[in-house]
>>> print(open('protein_3.cif').read())   # mmCIF, C-alpha atoms (C1' of nucleotides)
data_start
loop_
_atom_site.label_atom_id
_atom_site.label_comp_id
_atom_site.auth_asym_id
_atom_site.auth_seq_id
_atom_site.Cartn_x
_atom_site.Cartn_y
_atom_site.Cartn_z
CA MET I 1 11.27 55.28 160.21
CA ALA I 2 12.80 54.93 163.60
CA ALA I 3 10.51 57.15 165.63
CA VAL I 4 7.49 55.64 167.29
CA THR I 5 4.22 56.93 165.90
CA GLU I 6 1.23 57.75 168.05
CA ASP I 7 -0.57 54.80 166.49
CA GLN I 8 2.06 52.53 167.98
CA VAL I 9 1.63 54.14 171.37
CA GLU I 10 -2.13 53.79 171.15
CA LEU I 11 -1.67 50.17 170.10
CA VAL I 12 0.53 49.49 173.08
CA ARG I 13 -2.00 51.07 175.39
CA ALA I 14 -4.77 49.07 173.74
CA LEU I 15 -2.83 45.82 174.11
CA VAL I 16 -2.12 46.45 177.79
CA ALA I 17 -5.75 47.36 178.36
CA ALA I 18 -6.75 44.17 176.51
CA ILE I 19 -4.88 41.89 178.87
CA PRO I 20 -7.56 39.98 180.83
CA ALA I 21 -7.41 39.62 184.58
CA GLY I 22 -5.39 36.62 185.62
CA ARG I 23 -3.02 37.05 182.68
CA VAL I 24 0.20 39.02 182.28
CA ALA I 25 2.42 40.05 179.41
CA THR I 26 6.07 40.95 179.07
CA TYR I 27 7.37 44.27 177.80
CA GLY I 28 8.97 42.45 174.91
CA ASP I 29 5.70 40.79 173.91
CA ILE I 30 3.86 44.08 173.86
CA ALA I 31 6.65 45.81 172.00
CA ASP I 32 6.66 43.07 169.40
CA ALA I 33 2.88 43.02 169.10
CA ALA I 34 2.82 46.78 168.68
CA GLY I 35 5.63 46.72 166.15
CA LEU I 36 8.05 48.58 168.39
CA SER I 37 11.78 48.13 167.95
CA SER I 38 12.61 48.14 171.60
CA PRO I 39 10.84 47.01 174.77
CA ARG I 40 12.06 50.18 176.45
CA ILE I 41 9.41 52.05 174.49
CA VAL I 42 6.76 50.09 176.34
CA GLY I 43 8.37 51.00 179.62
CA TRP I 44 8.56 54.58 178.50
CA ILE I 45 4.84 54.60 177.68
CA MET I 46 4.01 53.08 181.05
CA ARG I 47 6.06 55.61 182.89
CA THR I 48 4.67 58.52 180.92
CA ASP I 49 1.08 57.46 180.48
CA SER I 50 0.12 54.72 182.89
CA ALA I 51 -2.85 56.55 184.40
CA ASP I 52 -5.59 54.49 182.78
CA LEU I 53 -3.64 51.33 182.09
CA PRO I 54 -3.43 48.07 184.10
CA TRP I 55 0.36 48.33 184.07
CA HIS I 56 0.51 45.81 186.89
CA ARG I 57 -0.22 43.15 184.23
CA VAL I 58 2.98 44.05 182.40
CA ILE I 59 6.12 42.39 183.72
CA ARG I 60 9.69 41.82 182.62
CA ALA I 61 10.82 38.85 180.54
CA SER I 62 12.29 37.27 183.66
CA GLY I 63 8.77 36.77 184.97
CA ARG I 64 9.44 39.34 187.62
CA PRO I 65 8.18 42.96 187.86
CA ALA I 66 10.48 45.93 188.10
CA PRO I 67 12.19 46.30 191.52
CA HIS I 68 10.38 49.46 192.55
CA LEU I 69 7.01 48.05 191.52
CA SER I 70 7.43 44.39 192.43
CA ALA I 71 5.57 44.61 195.74
CA ARG I 72 2.67 46.62 194.34
CA GLN I 73 2.37 44.60 191.15
CA LEU I 74 2.62 41.27 192.92
CA GLU I 75 -0.13 42.30 195.27
CA ALA I 76 -2.37 43.49 192.44
CA LEU I 77 -1.68 40.37 190.39
CA ARG I 78 -2.34 38.11 193.33
CA ALA I 79 -5.71 39.84 193.75
CA GLU I 80 -6.48 38.89 190.14
CA GLY I 81 -5.53 35.27 190.60
CA VAL I 82 -1.93 35.43 189.41
CA LEU I 83 0.13 33.54 191.94
CA ALA I 84 3.79 34.48 192.19
CA ASP I 85 6.42 32.24 193.68
CA ASP I 86 9.18 34.10 195.49
CA GLY I 87 8.33 37.29 193.63
CA LYS I 88 8.40 35.48 190.31
CA VAL I 89 5.34 34.96 188.13
CA ASP I 90 4.93 31.70 186.24
CA LEU I 91 5.02 32.98 182.67
CA CYS I 92 4.25 29.55 181.29
CA ALA I 93 0.85 29.70 182.93
CA THR I 94 0.01 33.39 183.15
CA ARG I 95 1.63 34.84 180.04
CA HIS I 96 -1.06 36.29 177.78
CA ARG I 97 -0.84 35.26 174.11
CA PHE I 98 -1.91 37.91 171.63
"C1'" DC U 1 22.03 70.68 171.06
"C1'" DG U 2 24.24 67.02 174.07
"C1'" DC U 3 24.42 64.03 178.14
"C1'" DT U 4 21.96 61.42 181.65
"C1'" DT U 5 18.21 58.59 183.23
"C1'" DG U 6 14.88 54.79 182.91
"C1'" DA U 7 8.20 50.46 184.06
"C1'" DC U 8 13.80 46.45 179.08
"C1'" DT U 9 16.21 42.27 177.12
"C1'" DA U 10 19.60 38.81 175.99
"C1'" DG U 11 23.96 37.20 176.40
"C1'" DA U 12 28.40 36.80 178.77
"C1'" DA U 13 31.40 36.52 182.98
"C1'" DT C 1 23.20 32.17 191.35
"C1'" DT C 2 24.23 37.32 190.65
"C1'" DT C 3 26.40 41.10 188.14
"C1'" DC C 4 27.93 43.43 183.99
"C1'" DT C 5 27.72 44.83 179.01
"C1'" DA C 6 25.82 46.31 174.76
"C1'" DG C 7 21.81 47.69 172.06
"C1'" DC C 8 17.69 50.07 172.11
"C1'" DC C 9 14.37 54.65 172.14
"C1'" DA C 10 12.32 58.79 174.23
"C1'" DA C 11 12.09 62.45 177.88
"C1'" DG C 12 14.33 65.64 181.03
"C1'" DC C 13 17.84 68.89 182.33
#
>>> encode(input="protein_3.cif", output="structure tokens")
Amino acid sequence: MAAVTEDQVELVRALVAAIPAGRVATYGDIADAAGLSSPRIVGWIMRTDSADLPWHRVIRASGRPAPHLSARQLEALRAEGVLADDGKVDLCATRHRF
DNA sequence: CGCTTGACTAGAA
DNA sequence: TTTCTAGCCAAGC
């Protein structure tokens, strides 16, 4: 069963929506929590269906948002109390644990 | 039906 | 430190 079921997608969306303000999660964390095989699936879901999701709370494993979204995400995160140093978020302090 | 693109990651150079 | 590679899955053309 390699394909991602809709339940997995819904789970991913639920997990992202469940991230409290002031916390962030990595694509890999969400993928693992949702049972996905690849973190790209999470990125795919965000790109395809990010309308009602706080995607700005989802960052890469490096502690840094995607290049094209870094400015916007950093600004949104900063508004929620997530301080980023030189464009890098402190995962040790802000990473949400499911 | 096949190739390219992309909100990714970890490891290597 | 940055850049590249391989693996990964789905959508678009």
>>> closest_atom_pairs(input="protein_3.cif", of="chain C", to="chain I", cutoff="9 Å", atoms="only C-alpha atoms (C1' of nucleotides)", output="Markdown table")
| residue | atom | partner | partner_atom | distance |
| --- | --- | --- | --- | --- |
| C:DC8 | C1' | I:Ser38 | CA | 5.5 |
| C:DC9 | C1' | I:Ile41 | CA | 6.1 |
| C:DA10 | C1' | I:Trp44 | CA | 7.1 |
| C:DA11 | C1' | I:Trp44 | CA | 8.6 |
>>> closest_atom_pairs(input="protein_3.cif", of="chain U", to="chain I", cutoff="8 Å", atoms="only C-alpha atoms (C1' of nucleotides)", output="CSV")
residue,atom,partner,partner_atom,distance
U:DG6,C1',I:Trp44,CA,7.7
U:DA7,C1',I:Gly43,CA,4.5
U:DC8,C1',I:Arg40,CA,4.9
U:DT9,C1',I:Ala61,CA,7.2
>>> resolve_selection(input="protein_3.cif", expression="the PyMOL selection byres ((chain C and resi 6) around 12)", output="PDB file with C-alpha atoms (C1' of nucleotides), in the frame of the given file")
ATOM      1  C1'  DT U   9      16.210  42.270 177.120  1.00  0.00           C
ATOM      2  C1'  DA U  10      19.600  38.810 175.990  1.00  0.00           C
ATOM      3  C1'  DG U  11      23.960  37.200 176.400  1.00  0.00           C
ATOM      4  C1'  DA U  12      28.400  36.800 178.770  1.00  0.00           C
TER       5       DA U  12
ATOM      6  C1'  DC C   4      27.930  43.430 183.990  1.00  0.00           C
ATOM      7  C1'  DT C   5      27.720  44.830 179.010  1.00  0.00           C
ATOM      8  C1'  DG C   7      21.810  47.690 172.060  1.00  0.00           C
ATOM      9  C1'  DC C   8      17.690  50.070 172.110  1.00  0.00           C
TER      10       DC C   8
END
>>> resolve_selection(input="protein_3.cif", expression="the PyMOL selection byres ((chain I and resi 93) around 12)", output="ChimeraX atom specification")
/I:22-25,63,81-84,89-92,94-97
>>> atom_distance(input="protein_3.cif", atom1="atom CA of I:Arg78", atom2="atom CA of I:Asp32")
26.0 Å
>>> atom_distance(input="protein_3.cif", atom1="atom CA of I:Ala21", atom2="atom CA of I:Arg57")
8.0 Å
>>> atom_distance(input="protein_3.cif", atom1="atom CA of I:Thr5", atom2="atom CA of I:Ala17")
18.6 Å
>>> residues_around(input="protein_3.cif", residues="I:Val12", least_positions_apart="2", cutoff="9 Å", atoms="only C-alpha atoms (C1' of nucleotides)", output="list in words")
Asp7, Gln8, Val9, Glu10, Ala14, Leu15, Val16, Ala17, Ile30, Ala31, Ala33, Ala34, Leu36, Val42 and Ile45 of chain I
>>> write_last_selection(input="protein_3.cif", atoms="C-alpha atoms", output="JSON list (two decimals), keeping the file's coordinate frame")
[["chain", "number", "residue", "atom", "x", "y", "z"],
["I", 7, "ASP", "CA", -0.57, 54.80, 166.49],
["I", 8, "GLN", "CA", 2.06, 52.53, 167.98],
["I", 9, "VAL", "CA", 1.63, 54.14, 171.37],
["I", 10, "GLU", "CA", -2.13, 53.79, 171.15],
["I", 14, "ALA", "CA", -4.77, 49.07, 173.74],
["I", 15, "LEU", "CA", -2.83, 45.82, 174.11],
["I", 16, "VAL", "CA", -2.12, 46.45, 177.79],
["I", 17, "ALA", "CA", -5.75, 47.36, 178.36],
["I", 30, "ILE", "CA", 3.86, 44.08, 173.86],
["I", 31, "ALA", "CA", 6.65, 45.81, 172.00],
["I", 33, "ALA", "CA", 2.88, 43.02, 169.10],
["I", 34, "ALA", "CA", 2.82, 46.78, 168.68],
["I", 36, "LEU", "CA", 8.05, 48.58, 168.39],
["I", 42, "VAL", "CA", 6.76, 50.09, 176.34],
["I", 45, "ILE", "CA", 4.84, 54.60, 177.68]]
>>> decode(input="protein_3.cif", residues="chain U", atoms="N, CA, C and O atoms (P, O5', C5', C4', C3', O3' and C1' of nucleotides)", output="PDB file, in the first residue's frame")
ATOM      1  P    DC U   1      -1.755   2.979 -19.081  1.00  0.00           P
ATOM      2  O5'  DC U   1      -0.654   3.993 -19.663  1.00  0.00           O
ATOM      3  C5'  DC U   1      -0.211   3.808 -20.987  1.00  0.00           C
ATOM      4  C4'  DC U   1       0.972   4.713 -21.257  1.00  0.00           C
ATOM      5  C3'  DC U   1       2.025   4.667 -20.143  1.00  0.00           C
ATOM      6  O3'  DC U   1       3.310   4.549 -20.737  1.00  0.00           O
ATOM      7  C1'  DC U   1       1.356   6.896 -20.525  1.00  0.00           C
ATOM      8  P    DG U   2       4.612   4.248 -19.766  1.00  0.00           P
ATOM      9  O5'  DG U   2       5.372   5.661 -19.831  1.00  0.00           O
ATOM     10  C5'  DG U   2       5.808   6.138 -21.107  1.00  0.00           C
ATOM     11  C4'  DG U   2       6.492   7.493 -20.954  1.00  0.00           C
ATOM     12  C3'  DG U   2       7.549   7.504 -19.841  1.00  0.00           C
ATOM     13  O3'  DG U   2       8.685   8.206 -20.325  1.00  0.00           O
ATOM     14  C1'  DG U   2       5.935   9.198 -19.452  1.00  0.00           C
ATOM     15  P    DC U   3       9.984   8.386 -19.349  1.00  0.00           P
ATOM     16  O5'  DC U   3      10.040   9.972 -19.114  1.00  0.00           O
ATOM     17  C5'  DC U   3      10.011  10.832 -20.253  1.00  0.00           C
ATOM     18  C4'  DC U   3       9.936  12.288 -19.826  1.00  0.00           C
ATOM     19  C3'  DC U   3      10.969  12.665 -18.762  1.00  0.00           C
ATOM     20  O3'  DC U   3      11.525  13.932 -19.066  1.00  0.00           O
ATOM     21  C1'  DC U   3       8.776  13.090 -17.960  1.00  0.00           C
ATOM     22  P    DT U   4      12.623  14.605 -18.077  1.00  0.00           P
ATOM     23  O5'  DT U   4      11.776  15.717 -17.318  1.00  0.00           O
ATOM     24  C5'  DT U   4      11.011  16.646 -18.091  1.00  0.00           C
ATOM     25  C4'  DT U   4      10.292  17.633 -17.185  1.00  0.00           C
ATOM     26  C3'  DT U   4      11.179  18.228 -16.085  1.00  0.00           C
ATOM     27  O3'  DT U   4      10.966  19.636 -16.018  1.00  0.00           O
ATOM     28  C1'  DT U   4       9.250  17.225 -15.144  1.00  0.00           C
ATOM     29  P    DT U   5      11.818  20.542 -15.030  1.00  0.00           P
ATOM     30  O5'  DT U   5      10.812  20.740 -13.806  1.00  0.00           O
ATOM     31  C5'  DT U   5       9.550  21.365 -14.046  1.00  0.00           C
ATOM     32  C4'  DT U   5       8.724  21.408 -12.775  1.00  0.00           C
ATOM     33  C3'  DT U   5       9.467  21.960 -11.555  1.00  0.00           C
ATOM     34  O3'  DT U   5       8.680  22.994 -10.952  1.00  0.00           O
ATOM     35  C1'  DT U   5       8.440  19.891 -11.045  1.00  0.00           C
ATOM     36  P    DG U   6       9.409  23.946  -9.915  1.00  0.00           P
ATOM     37  O5'  DG U   6       8.891  23.338  -8.527  1.00  0.00           O
ATOM     38  C5'  DG U   6       7.502  23.320  -8.241  1.00  0.00           C
ATOM     39  C4'  DG U   6       7.248  22.605  -6.919  1.00  0.00           C
ATOM     40  C3'  DG U   6       8.248  22.993  -5.817  1.00  0.00           C
ATOM     41  O3'  DG U   6       7.570  23.337  -4.619  1.00  0.00           O
ATOM     42  C1'  DG U   6       8.116  20.637  -6.054  1.00  0.00           C
ATOM     43  P    DA U   7       7.900  24.942  -4.162  1.00  0.00           P
ATOM     44  O5'  DA U   7       8.015  25.016  -2.585  1.00  0.00           O
ATOM     45  C5'  DA U   7       7.328  24.451  -1.887  1.00  0.00           C
ATOM     46  C4'  DA U   7       7.634  24.127  -0.443  1.00  0.00           C
ATOM     47  C3'  DA U   7       7.570  22.633  -0.167  1.00  0.00           C
ATOM     48  O3'  DA U   7       8.496  22.311   0.833  1.00  0.00           O
ATOM     49  C1'  DA U   7       5.871  23.795   0.999  1.00  0.00           C
ATOM     50  P    DC U   8      10.005  21.916   0.519  1.00  0.00           P
ATOM     51  O5'  DC U   8       9.989  20.416   1.031  1.00  0.00           O
ATOM     52  C5'  DC U   8       9.094  19.945   2.025  1.00  0.00           C
ATOM     53  C4'  DC U   8       9.726  18.786   2.769  1.00  0.00           C
ATOM     54  C3'  DC U   8      10.999  19.174   3.522  1.00  0.00           C
ATOM     55  O3'  DC U   8      11.034  18.542   4.804  1.00  0.00           O
ATOM     56  C1'  DC U   8      11.470  17.467   1.950  1.00  0.00           C
ATOM     57  P    DT U   9      12.242  18.867   5.799  1.00  0.00           P
ATOM     58  O5'  DT U   9      13.125  17.569   5.584  1.00  0.00           O
ATOM     59  C5'  DT U   9      12.516  16.287   5.768  1.00  0.00           C
ATOM     60  C4'  DT U   9      13.573  15.205   5.738  1.00  0.00           C
ATOM     61  C3'  DT U   9      14.833  15.578   6.531  1.00  0.00           C
ATOM     62  O3'  DT U   9      15.179  14.489   7.381  1.00  0.00           O
ATOM     63  C1'  DT U   9      15.398  14.973   4.286  1.00  0.00           C
ATOM     64  P    DA U  10      16.255  14.641   8.524  1.00  0.00           P
ATOM     65  O5'  DA U  10      17.466  13.706   8.021  1.00  0.00           O
ATOM     66  C5'  DA U  10      17.185  12.400   7.545  1.00  0.00           C
ATOM     67  C4'  DA U  10      18.404  11.854   6.827  1.00  0.00           C
ATOM     68  C3'  DA U  10      19.699  12.160   7.572  1.00  0.00           C
ATOM     69  O3'  DA U  10      20.475  10.965   7.643  1.00  0.00           O
ATOM     70  C1'  DA U  10      19.832  12.964   5.322  1.00  0.00           C
ATOM     71  P    DG U  11      21.845  11.016   8.464  1.00  0.00           P
ATOM     72  O5'  DG U  11      22.920  10.879   7.287  1.00  0.00           O
ATOM     73  C5'  DG U  11      22.744   9.851   6.299  1.00  0.00           C
ATOM     74  C4'  DG U  11      23.629  10.130   5.098  1.00  0.00           C
ATOM     75  C3'  DG U  11      25.088  10.433   5.473  1.00  0.00           C
ATOM     76  O3'  DG U  11      25.963   9.632   4.680  1.00  0.00           O
ATOM     77  C1'  DG U  11      24.231  12.107   4.033  1.00  0.00           C
ATOM     78  P    DA U  12      27.530   9.654   4.987  1.00  0.00           P
ATOM     79  O5'  DA U  12      28.120  10.327   3.662  1.00  0.00           O
ATOM     80  C5'  DA U  12      27.732   9.825   2.384  1.00  0.00           C
ATOM     81  C4'  DA U  12      28.224  10.754   1.280  1.00  0.00           C
ATOM     82  C3'  DA U  12      29.719  11.119   1.406  1.00  0.00           C
ATOM     83  O3'  DA U  12      30.338  11.077   0.135  1.00  0.00           O
ATOM     84  C1'  DA U  12      28.397  13.077   1.345  1.00  0.00           C
ATOM     85  P    DA U  13      31.943  11.154   0.033  1.00  0.00           P
ATOM     86  O5'  DA U  13      32.203  12.562  -0.661  1.00  0.00           O
ATOM     87  C5'  DA U  13      31.567  12.858  -1.895  1.00  0.00           C
ATOM     88  C4'  DA U  13      31.837  14.305  -2.294  1.00  0.00           C
ATOM     89  C3'  DA U  13      33.289  14.739  -2.057  1.00  0.00           C
ATOM     90  O3'  DA U  13      33.782  15.473  -3.180  1.00  0.00           O
ATOM     91  C1'  DA U  13      31.801  16.224  -0.957  1.00  0.00           C
TER      92       DA U  13
END
